[in-house]
Amino acid sequence: MDMTLFSILFLFVGVIGGWFIADKYNEFRDARDHDFEELFEKNPHPEIYDEDGKIDRGEYMAINFELGYDPEEWDPEDIH
């Protein structure tokens, strides 16, 4: 009787504990750093901070200008 009770108890604890650990492991595995995380750490610009002073890790777009680019000749069609 005692053996059956302990077996069921340990089975229950093992299933619940395994489920919890597997869930936390999946969260850890699926977590990704932001594409610009290195920039946030090395050179945080003032415009990426929100009202509370925390870094806003929203969506950002990287723009590279070719040498000799004249902003006076900018056309919305230049964005690909």
# chains A, B, ... in the order shown; residues from 1 in each chain; ligands from 1
call {"tool": "residues_around", "arguments": {"residues": "range 34-51 of chain A", "least_positions_apart": "4", "cutoff": "12 Å", "atoms": "only C-alpha atoms", "output": "JSON, numbers by chain"}}
result
{"A": [55, 56, 57, 58, 59, 60, 61, 62]}
call {"tool": "select_by_dssp", "arguments": {"residues": "chain A", "states": "alpha helix (DSSP H)", "output": "short mmCIF file (atom, residue, chain, number, x, y, z; two decimals) with N, CA and C atoms, in the first residue's frame"}}
result
data_model
loop_
_atom_site.label_atom_id
_atom_site.label_comp_id
_atom_site.auth_asym_id
_atom_site.auth_seq_id
_atom_site.Cartn_x
_atom_site.Cartn_y
_atom_site.Cartn_z
N ASP A 2 1.84 1.31 0.93
CA ASP A 2 2.73 2.48 0.99
C ASP A 2 3.54 2.63 -0.30
N MET A 3 3.97 1.50 -0.82
CA MET A 3 4.77 1.52 -2.06
C MET A 3 3.96 2.10 -3.21
N THR A 4 2.71 1.74 -3.34
CA THR A 4 1.84 2.24 -4.40
C THR A 4 1.58 3.73 -4.23
N LEU A 5 1.35 4.15 -3.01
CA LEU A 5 1.09 5.56 -2.73
C LEU A 5 2.31 6.42 -3.08
N PHE A 6 3.49 5.98 -2.66
CA PHE A 6 4.71 6.72 -2.99
C PHE A 6 4.99 6.71 -4.49
N SER A 7 4.73 5.61 -5.15
CA SER A 7 4.94 5.53 -6.60
C SER A 7 4.05 6.53 -7.33
N ILE A 8 2.79 6.58 -6.95
CA ILE A 8 1.86 7.52 -7.58
C ILE A 8 2.25 8.96 -7.27
N LEU A 9 2.66 9.22 -6.04
CA LEU A 9 3.10 10.56 -5.64
C LEU A 9 4.32 11.00 -6.44
N PHE A 10 5.33 10.14 -6.53
CA PHE A 10 6.53 10.49 -7.28
C PHE A 10 6.24 10.62 -8.78
N LEU A 11 5.34 9.79 -9.29
CA LEU A 11 4.95 9.92 -10.69
C LEU A 11 4.29 11.28 -10.94
N PHE A 12 3.41 11.68 -10.07
CA PHE A 12 2.73 12.96 -10.18
C PHE A 12 3.72 14.12 -10.11
N VAL A 13 4.62 14.10 -9.13
CA VAL A 13 5.64 15.14 -8.99
C VAL A 13 6.56 15.17 -10.21
N GLY A 14 6.93 14.01 -10.70
CA GLY A 14 7.81 13.94 -11.88
C GLY A 14 7.16 14.50 -13.13
N VAL A 15 5.88 14.18 -13.33
CA VAL A 15 5.16 14.68 -14.51
C VAL A 15 5.02 16.20 -14.44
N ILE A 16 4.59 16.71 -13.30
CA ILE A 16 4.41 18.16 -13.14
C ILE A 16 5.76 18.87 -13.25
N GLY A 17 6.78 18.36 -12.57
CA GLY A 17 8.12 18.97 -12.64
C GLY A 17 8.69 18.92 -14.04
N GLY A 18 8.55 17.81 -14.72
CA GLY A 18 9.04 17.69 -16.09
C GLY A 18 8.32 18.62 -17.04
N TRP A 19 7.05 18.75 -16.87
CA TRP A 19 6.25 19.66 -17.70
C TRP A 19 6.72 21.10 -17.51
N PHE A 20 6.91 21.50 -16.26
CA PHE A 20 7.36 22.86 -15.94
C PHE A 20 8.76 23.12 -16.51
N ILE A 21 9.67 22.19 -16.32
CA ILE A 21 11.04 22.36 -16.82
C ILE A 21 11.06 22.38 -18.35
N ALA A 22 10.27 21.53 -18.99
CA ALA A 22 10.21 21.52 -20.45
C ALA A 22 9.66 22.84 -20.98
N ASP A 23 8.67 23.40 -20.31
CA ASP A 23 8.11 24.69 -20.72
C ASP A 23 9.15 25.79 -20.62
N LYS A 24 9.88 25.83 -19.51
CA LYS A 24 10.93 26.84 -19.33
C LYS A 24 12.06 26.65 -20.34
N TYR A 25 12.41 25.41 -20.64
CA TYR A 25 13.45 25.14 -21.63
C TYR A 25 13.01 25.61 -23.02
N ASN A 26 11.76 25.37 -23.38
CA ASN A 26 11.27 25.82 -24.68
C ASN A 26 11.25 27.33 -24.77
N GLU A 27 10.89 28.03 -23.69
CA GLU A 27 10.96 29.49 -23.69
C GLU A 27 12.38 29.96 -23.90
N PHE A 28 13.34 29.33 -23.22
CA PHE A 28 14.74 29.70 -23.36
C PHE A 28 15.24 29.45 -24.78
N ARG A 29 14.87 28.32 -25.34
CA ARG A 29 15.32 27.96 -26.68
C ARG A 29 14.74 28.89 -27.75
N ASP A 30 13.49 29.31 -27.55
CA ASP A 30 12.82 30.14 -28.55
C ASP A 30 13.14 31.63 -28.40
N GLU A 37 20.69 44.17 -31.14
CA GLU A 37 21.07 44.11 -29.72
C GLU A 37 22.50 44.58 -29.50
N GLU A 38 23.40 44.26 -30.42
CA GLU A 38 24.79 44.69 -30.29
C GLU A 38 24.89 46.21 -30.32
N LEU A 39 24.12 46.85 -31.18
CA LEU A 39 24.10 48.30 -31.25
C LEU A 39 23.53 48.90 -29.97
N PHE A 40 22.49 48.29 -29.43
CA PHE A 40 21.90 48.79 -28.19
C PHE A 40 22.92 48.78 -27.06
N GLU A 41 23.75 47.75 -27.00
CA GLU A 41 24.72 47.62 -25.92
C GLU A 41 25.93 48.53 -26.12
N LYS A 42 26.46 48.59 -27.36
CA LYS A 42 27.70 49.33 -27.60
C LYS A 42 27.50 50.82 -27.81
#
call {"tool": "decode", "arguments": {"residues": "range 38-51 of chain A", "atoms": "N, CA and C atoms", "output": "JSON list (two decimals), in the first residue's frame"}}
result
[["chain", "number", "residue", "atom", "x", "y", "z"],
["A", 38, "GLU", "N", 23.40, 44.26, -30.42],
["A", 38, "GLU", "CA", 24.79, 44.69, -30.29],
["A", 38, "GLU", "C", 24.89, 46.21, -30.32],
["A", 39, "LEU", "N", 24.12, 46.85, -31.18],
["A", 39, "LEU", "CA", 24.10, 48.30, -31.25],
["A", 39, "LEU", "C", 23.53, 48.90, -29.97],
["A", 40, "PHE", "N", 22.49, 48.29, -29.43],
["A", 40, "PHE", "CA", 21.90, 48.79, -28.19],
["A", 40, "PHE", "C", 22.92, 48.78, -27.06],
["A", 41, "GLU", "N", 23.75, 47.75, -27.00],
["A", 41, "GLU", "CA", 24.72, 47.62, -25.92],
["A", 41, "GLU", "C", 25.93, 48.53, -26.12],
["A", 42, "LYS", "N", 26.46, 48.59, -27.36],
["A", 42, "LYS", "CA", 27.70, 49.33, -27.60],
["A", 42, "LYS", "C", 27.50, 50.82, -27.81],
["A", 43, "ASN", "N", 26.45, 51.21, -28.50],
["A", 43, "ASN", "CA", 26.29, 52.60, -28.88],
["A", 43, "ASN", "C", 24.81, 52.99, -28.87],
["A", 44, "PRO", "N", 24.21, 53.06, -27.70],
["A", 44, "PRO", "CA", 22.78, 53.39, -27.66],
["A", 44, "PRO", "C", 22.53, 54.87, -27.98],
["A", 45, "HIS", "N", 21.79, 55.13, -29.02],
["A", 45, "HIS", "CA", 21.46, 56.50, -29.41],
["A", 45, "HIS", "C", 20.27, 57.00, -28.57],
["A", 46, "PRO", "N", 20.21, 58.29, -28.29],
["A", 46, "PRO", "CA", 19.12, 58.83, -27.46],
["A", 46, "PRO", "C", 17.73, 58.60, -28.04],
["A", 47, "GLU", "N", 17.61, 58.51, -29.35],
["A", 47, "GLU", "CA", 16.28, 58.38, -29.95],
["A", 47, "GLU", "C", 15.68, 56.99, -29.78],
["A", 48, "ILE", "N", 16.45, 56.01, -29.30],
["A", 48, "ILE", "CA", 15.87, 54.68, -29.12],
["A", 48, "ILE", "C", 15.32, 54.47, -27.71],
["A", 49, "TYR", "N", 15.40, 55.48, -26.86],
["A", 49, "TYR", "CA", 14.85, 55.38, -25.50],
["A", 49, "TYR", "C", 13.39, 55.82, -25.50],
["A", 50, "ASP", "N", 12.59, 55.15, -24.67],
["A", 50, "ASP", "CA", 11.18, 55.55, -24.56],
["A", 50, "ASP", "C", 11.03, 56.62, -23.47],
["A", 51, "GLU", "N", 9.79, 56.93, -23.13],
["A", 51, "GLU", "CA", 9.52, 57.99, -22.15],
["A", 51, "GLU", "C", 10.05, 57.65, -20.76]]
